[in-house]
Amino acid sequence: MRQRTRRRLRRFLALLLVLLLCAGCGFFALRRLFVLPYRDAVEREAARFSLPSSLVAGLILAESHFDKDAVSHAGAVGLMQLTPDTYHWLCFKLGHEEGDLSDVDTNLYYGCANLALLLSEFSDLPTALAAYNAGPARVRDWLADTRYSKDGHTLSHVPYPETRTHTRRVMLYSQIYRLLYGLS
């Protein structure tokens, strides 16, 4: 009887060890998929604009996959994929001289500034993320249309599949960054 109990205990401990190894490997595999270069800069700029750093990291992953040299078909540049027009408008609005939008720190600063402004206008996070992707004018039009918004403040449906997918991705990625890296 004691021998059977010991065997069961050994099997249980072996199974537990295998499960722990798999969980540990899964954690490190996820960290390889959800990279976080520029962490200090992301956390600094997120804090400057009172944004969760996990949200900024999730947005960057969805926008450029942390490729500082990324350029979209629409001409959006850098980590946070800002268009030159949005960048010029932000510089004007904030009273800043224009610099190099492809510079990581500049791109992060103005990307976070843009997100903070969108969150102040559209207090609902998914709506603000939709505005980041599709543009605030388009989102204002959607909010005015009862097919897409019941209250005029929150989108109940995003008509563009790309924007709908983008918003969901950023929300998911933000949660993953919070869990993997302990970001705010």
# chains A, B, ... in the order shown; residues from 1 in each chain; ligands from 1
>>> residues_around(residues="Gly78 in chain A", least_positions_apart="5", cutoff="12 Å", atoms="only C-alpha atoms", output="list in words")
Ile60, Leu61, Glu63, Ser64, His65, Phe66, Asp67, Lys68, Asp69, Ala70, Val71, Ser72, Thr83, Pro84, Tyr87, Asp100, Leu101, Ser102, Asp103, Val104, Asp105, Thr106, Asn107, Leu108, Tyr109, Tyr110 and Gly111 of chain A
>>> write_last_selection(atoms="C-alpha atoms", output="mmCIF file, in the first residue's frame")
data_model
loop_
_atom_site.group_PDB
_atom_site.id
_atom_site.type_symbol
_atom_site.label_atom_id
_atom_site.label_comp_id
_atom_site.auth_asym_id
_atom_site.auth_seq_id
_atom_site.Cartn_x
_atom_site.Cartn_y
_atom_site.Cartn_z
ATOM 1 C CA ILE A 60 2.097 49.751 -31.226
ATOM 2 C CA LEU A 61 1.974 45.990 -31.759
ATOM 3 C CA GLU A 63 -0.008 49.329 -35.747
ATOM 4 C CA SER A 64 3.612 48.478 -36.591
ATOM 5 C CA HIS A 65 4.636 45.353 -34.682
ATOM 6 C CA PHE A 66 7.327 47.550 -33.072
ATOM 7 C CA ASP A 67 8.953 48.259 -36.445
ATOM 8 C CA LYS A 68 10.265 51.826 -36.107
ATOM 9 C CA ASP A 69 10.746 52.008 -39.881
ATOM 10 C CA ALA A 70 7.208 50.883 -40.777
ATOM 11 C CA VAL A 71 5.372 52.903 -43.419
ATOM 12 C CA SER A 72 1.766 52.054 -44.298
ATOM 13 C CA THR A 83 0.336 60.198 -40.943
ATOM 14 C CA PRO A 84 2.301 63.342 -41.725
ATOM 15 C CA TYR A 87 1.652 64.912 -37.085
ATOM 16 C CA ASP A 100 11.620 63.867 -37.425
ATOM 17 C CA LEU A 101 8.456 61.763 -37.263
ATOM 18 C CA SER A 102 10.472 58.591 -37.903
ATOM 19 C CA ASP A 103 12.461 59.174 -34.679
ATOM 20 C CA VAL A 104 11.253 56.688 -32.052
ATOM 21 C CA ASP A 105 10.889 59.216 -29.228
ATOM 22 C CA THR A 106 9.142 61.765 -31.447
ATOM 23 C CA ASN A 107 6.792 59.140 -32.850
ATOM 24 C CA LEU A 108 5.930 57.821 -29.388
ATOM 25 C CA TYR A 109 5.376 61.314 -27.991
ATOM 26 C CA TYR A 110 2.985 62.391 -30.755
ATOM 27 C CA GLY A 111 1.295 58.991 -30.990
#
>>> select_by_dssp(residues="chain A", states="alpha helix (DSSP H)", output="JSON, numbers by chain")
{"A": [2, 3, 4, 5, 6, 7, 8, 9, 10, 11, 12, 13, 14, 15, 16, 17, 18, 19, 20, 21, 22, 23, 24, 25, 26, 27, 28, 29, 30, 31, 32, 33, 39, 40, 41, 42, 43, 44, 45, 46, 47, 48, 53, 54, 55, 56, 57, 58, 59, 60, 61, 62, 63, 64, 84, 85, 86, 87, 88, 89, 90, 91, 92, 93, 94, 104, 105, 106, 107, 108, 109, 110, 111, 112, 113, 114, 115, 116, 117, 118, 119, 120, 121, 125, 126, 127, 128, 129, 130, 131, 132, 133, 134, 136, 137, 138, 139, 140, 141, 142, 143, 144, 161, 162, 163, 164, 165, 166, 167, 168, 169, 170, 171, 172, 173, 174, 175, 176, 177, 178, 179, 180, 181]}
>>> residues_around(residues="Thr165 in chain A", least_positions_apart="5", cutoff="12 Å", atoms="only C-alpha atoms", output="list in words")
Ala62, Glu63, Pro126, Leu129, Ala130, Asn133, Ala134, His157, Val158, Pro159, Tyr160, Val170, Met171, Leu172 and Tyr173 of chain A
